[in-house]
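> I have a structure here, written as structure tokens, and I will follow up with some questions on it.
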Amino acid sequence: MLRDFIKSEAYFKKYIQDQEKRIGRFQEIAAGLPGTETEKIKRCKRVAANFQRDLIYAKYSAGASKQELQKAYRKYLGFLACAGAANYAEYIDVLSMAIVLDVSLDDSMGILEECEFSDGLTGLLAGYIRNRKIGQEGEPLLYEDYYKIFQEYLIGNCKIAKLREYMEQEWYQASKEFAWYGSDESPEDIYTGYWCWLAGACVKIRGEEASSLELKYTPLDILR
């Protein structure tokens, strides 16, 4: 069942088909390159990773099952094994999706050792993935203005009501610097859905009862 309320089922069906073709083309290019062309292969995998991440969002918006999303996410990890996480926001997404979708990061990938993006929030997420326990506040945040509410919620300094208020009133407007902001109004078919996987991961880590919870922009039904 369609989860998004902005675009139609037909829109997402076409987007997913087109996106899978784009990913396939870059996979073919990478596979056709000699093994010595490591930088070119990495660039191809980087583009494919970007497309695959967007595909996961679109599939969730279109109503894909948890199993289908897990499969798409593992493919995403495969691209990242070569390309690596491009930035802090992507690293947060990688960790958050793993938590929400119940996918292990142990297989052949050092994503948990991305020291370049290490801070108090990524440490809490990675620690939960390793130990299934809520850790303590660690290093300072790299991007405090945008992410502090999530860290505060995880370590118990605020309640779910405050996170709900942030998601309803501030999160989308606070996301203006991201490329996906306002994508539903683009004349190009680039919209994949506005979802905060980090909020979903926080809810799961804190053990909130997702079945009775409403949290805007959050993939809660996967947790139910």
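Quick note on naming: the chains in the structure tokens go A, B, ... in the order shown, residues restart at 1 in each chain, and ligands are numbered from 1 in order of appearance.
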Using only C-alpha atoms, which residues sit within 8 Å of region 198-203 of chain A once same-chain residues fewer than 2 positions away are excluded, as a list in words?
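Residues meeting the cut-off are Ile92, Asp93, Ser96, Met97, Ile99, Val100, Phe150, Tyr153, Leu154, Cys196, Ile205, Arg206, Gly207, Glu208, Ala210, Thr218, Pro219, Leu220 and Leu223 of chain A.
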> Grab the residues selected above and save them as a CSV table (one decimal), in the first residue's frame with all heavy atoms.

```
chain,number,residue,atom,x,y,z
A,92,ILE,N,24.8,8.5,8.4
A,92,ILE,CA,23.7,8.5,9.3
A,92,ILE,C,22.6,7.6,8.7
A,92,ILE,O,22.0,6.8,9.4
A,92,ILE,CB,23.2,9.9,9.7
A,92,ILE,CG1,24.2,10.6,10.6
A,92,ILE,CG2,21.8,9.8,10.3
A,92,ILE,CD1,24.2,10.2,12.0
A,93,ASP,N,22.3,7.8,7.5
A,93,ASP,CA,21.3,7.0,6.8
A,93,ASP,C,21.6,5.5,6.8
A,93,ASP,O,20.8,4.7,7.0
A,93,ASP,CB,21.1,7.5,5.3
A,93,ASP,CG,19.8,8.3,5.1
A,93,ASP,OD1,19.2,8.6,6.1
A,93,ASP,OD2,19.5,8.6,3.9
A,96,SER,N,21.1,4.2,10.3
A,96,SER,CA,19.7,4.2,10.6
A,96,SER,C,18.9,3.2,9.9
A,96,SER,O,18.0,2.5,10.5
A,96,SER,CB,19.1,5.6,10.4
A,96,SER,OG,19.8,6.6,11.1
A,97,MET,N,19.1,3.0,8.6
A,97,MET,CA,18.4,2.0,7.8
A,97,MET,C,18.7,0.6,8.3
A,97,MET,O,17.9,-0.3,8.4
A,97,MET,CB,18.8,2.1,6.3
A,97,MET,CG,18.2,3.3,5.6
A,97,MET,SD,18.7,3.3,3.9
A,97,MET,CE,17.8,4.7,3.3
A,99,ILE,N,19.4,-0.3,11.3
A,99,ILE,CA,18.6,-0.5,12.6
A,99,ILE,C,17.1,-0.7,12.3
A,99,ILE,O,16.5,-1.6,12.8
A,99,ILE,CB,18.8,0.7,13.5
A,99,ILE,CG1,20.3,0.8,14.0
A,99,ILE,CG2,17.9,0.7,14.7
A,99,ILE,CD1,20.7,2.1,14.7
A,100,VAL,N,16.5,0.2,11.5
A,100,VAL,CA,15.1,0.1,11.2
A,100,VAL,C,14.8,-1.2,10.4
A,100,VAL,O,13.8,-1.9,10.7
A,100,VAL,CB,14.6,1.3,10.3
A,100,VAL,CG1,13.2,1.1,9.9
A,100,VAL,CG2,14.8,2.6,11.2
A,150,PHE,N,18.1,14.5,18.1
A,150,PHE,CA,18.1,13.0,18.1
A,150,PHE,C,19.1,12.5,19.1
A,150,PHE,O,18.7,11.5,19.7
A,150,PHE,CB,18.5,12.6,16.7
A,150,PHE,CG,17.6,13.1,15.6
A,150,PHE,CD1,18.0,14.1,14.7
A,150,PHE,CD2,16.4,12.5,15.4
A,150,PHE,CE1,17.1,14.6,13.8
A,150,PHE,CE2,15.5,12.9,14.4
A,150,PHE,CZ,15.9,14.0,13.6
A,153,TYR,N,17.4,12.8,22.5
A,153,TYR,CA,16.3,11.8,22.7
A,153,TYR,C,17.0,10.4,23.0
A,153,TYR,O,16.5,9.7,23.9
A,153,TYR,CB,15.5,11.8,21.5
A,153,TYR,CG,14.5,10.6,21.5
A,153,TYR,CD1,13.4,10.6,22.4
A,153,TYR,CD2,14.6,9.6,20.6
A,153,TYR,CE1,12.5,9.6,22.4
A,153,TYR,CE2,13.7,8.5,20.6
A,153,TYR,CZ,12.6,8.5,21.5
A,153,TYR,OH,11.7,7.5,21.5
A,154,LEU,N,18.0,10.1,22.3
A,154,LEU,CA,18.6,8.8,22.5
A,154,LEU,C,19.2,8.6,23.9
A,154,LEU,O,19.1,7.5,24.4
A,154,LEU,CB,19.7,8.6,21.4
A,154,LEU,CG,19.2,8.1,20.0
A,154,LEU,CD1,20.4,8.1,19.1
A,154,LEU,CD2,18.5,6.8,20.1
A,196,CYS,N,12.6,10.3,7.3
A,196,CYS,CA,13.7,10.5,8.2
A,196,CYS,C,14.0,9.1,8.9
A,196,CYS,O,13.4,8.7,9.9
A,196,CYS,CB,13.4,11.5,9.3
A,196,CYS,SG,14.8,11.8,10.5
A,205,ILE,N,15.5,2.2,19.0
A,205,ILE,CA,16.5,2.1,20.0
A,205,ILE,C,15.9,2.4,21.4
A,205,ILE,O,16.2,1.7,22.4
A,205,ILE,CB,17.7,3.0,19.7
A,205,ILE,CG1,18.4,2.6,18.5
A,205,ILE,CG2,18.6,3.1,20.9
A,205,ILE,CD1,19.5,3.6,18.0
A,206,ARG,N,15.0,3.4,21.5
A,206,ARG,CA,14.4,3.7,22.7
A,206,ARG,C,13.3,2.8,23.2
A,206,ARG,O,12.8,2.9,24.3
A,206,ARG,CB,13.9,5.2,22.7
A,206,ARG,CG,15.0,6.2,22.6
A,206,ARG,CD,15.9,6.3,23.8
A,206,ARG,NE,15.2,6.5,25.0
A,206,ARG,CZ,15.8,6.5,26.2
A,206,ARG,NH1,17.1,6.3,26.3
A,206,ARG,NH2,15.1,6.6,27.3
A,207,GLY,N,12.9,1.9,22.3
A,207,GLY,CA,11.9,0.9,22.6
A,207,GLY,C,10.5,1.5,22.7
A,207,GLY,O,9.6,1.0,23.5
A,208,GLU,N,10.2,2.6,22.0
A,208,GLU,CA,8.8,3.1,22.0
A,208,GLU,C,7.9,2.1,21.3
A,208,GLU,O,8.2,1.4,20.4
A,208,GLU,CB,8.8,4.5,21.2
A,208,GLU,CG,9.7,5.5,21.8
A,208,GLU,CD,9.2,6.2,23.0
A,208,GLU,OE1,8.1,5.8,23.5
A,208,GLU,OE2,9.9,7.0,23.6
A,210,ALA,N,5.7,1.5,18.7
A,210,ALA,CA,5.4,2.1,17.4
A,210,ALA,C,4.0,2.0,16.9
A,210,ALA,O,3.5,2.8,16.2
A,210,ALA,CB,6.3,1.5,16.3
A,218,THR,N,8.4,9.8,9.4
A,218,THR,CA,9.2,8.7,10.0
A,218,THR,C,8.6,7.3,9.6
A,218,THR,O,7.4,7.1,9.6
A,218,THR,CB,9.1,8.7,11.6
A,218,THR,OG1,9.5,10.0,12.0
A,218,THR,CG2,9.9,7.7,12.2
A,219,PRO,N,9.5,6.4,9.1
A,219,PRO,CA,9.1,5.1,8.6
A,219,PRO,C,8.7,4.1,9.8
A,219,PRO,O,9.4,3.2,10.1
A,219,PRO,CB,10.3,4.6,7.9
A,219,PRO,CG,11.5,5.2,8.5
A,219,PRO,CD,11.0,6.6,8.9
A,220,LEU,N,7.6,4.5,10.4
A,220,LEU,CA,7.2,3.7,11.7
A,220,LEU,C,6.6,2.4,11.4
A,220,LEU,O,6.8,1.4,12.2
A,220,LEU,CB,6.2,4.6,12.5
A,220,LEU,CG,6.7,5.7,13.3
A,220,LEU,CD1,5.6,6.4,13.9
A,220,LEU,CD2,7.8,5.3,14.3
A,223,LEU,N,8.4,-0.8,11.9
A,223,LEU,CA,8.7,-1.2,13.3
A,223,LEU,C,7.6,-1.9,14.0
A,223,LEU,O,7.7,-2.4,15.1
A,223,LEU,CB,9.1,0.0,14.1
A,223,LEU,CG,10.3,0.9,13.6
A,223,LEU,CD1,10.5,2.1,14.5
A,223,LEU,CD2,11.5,0.0,13.4
```
> Taking a cut-off of 10 Å and counting only C-alpha atoms, can you build a table that, for each residue of region 2-91 of chain A near region 167-184 of chain A, reports the nearest atom pair and how far apart they are in Å (one decimal), sorted by chain then residue number, as a Markdown table?

```
| residue | atom | partner | partner_atom | distance |
| --- | --- | --- | --- | --- |
| A:Ile6 | CA | A:Asp184 | CA | 7.4 |
| A:Lys7 | CA | A:Asp184 | CA | 7.9 |
| A:Asp54 | CA | A:Trp180 | CA | 9.7 |
| A:Ala89 | CA | A:Phe178 | CA | 9.3 |
```
> For the atom pair CA of Pro140 (chain A) and CA of Gly120 (chain A), what is the interatomic distance in Å to one decimal place?
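So the two atoms, CA of Pro140 (chain A) and CA of Gly120 (chain A), lie 5.4 Å apart.
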> Using only C-alpha atoms, determine which residues lie at most 10 Å from Leu2 (chain A), disregarding the query and same-chain residues fewer than 4 positions distant; provide the list as a list of chain:residue names.
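The filter keeps A:Lys7, A:Ser8, A:Glu9, A:Phe12, A:Lys59, A:Tyr60, A:Ser61, A:Ala62, A:Gly63, A:Ala64.
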> For Asn50 (chain A), which of A:Ser186, A:Ala72, A:Arg132, A:Phe79 is the closest residue, counting only C-alpha atoms?
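Using only C-alpha atoms, Asn50 (chain A) sits closest to A:Phe79.
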> Find the residue from A:Leu69, A:Ile129, A:Ser118, A:Gly193 that sits nearest to Leu95 (chain A); use only C-alpha atoms when measuring.
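Of A:Leu69, A:Ile129, A:Ser118, A:Gly193, the one nearest Leu95 (chain A), counting only C-alpha atoms, is A:Ile129.
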> Between CA of Tyr128 (chain A) and CA of Leu112 (chain A), what distance in Å does the model show, to one decimal?
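Atom-to-atom, CA of Tyr128 (chain A) and CA of Leu112 (chain A) are spaced 11.0 Å apart.
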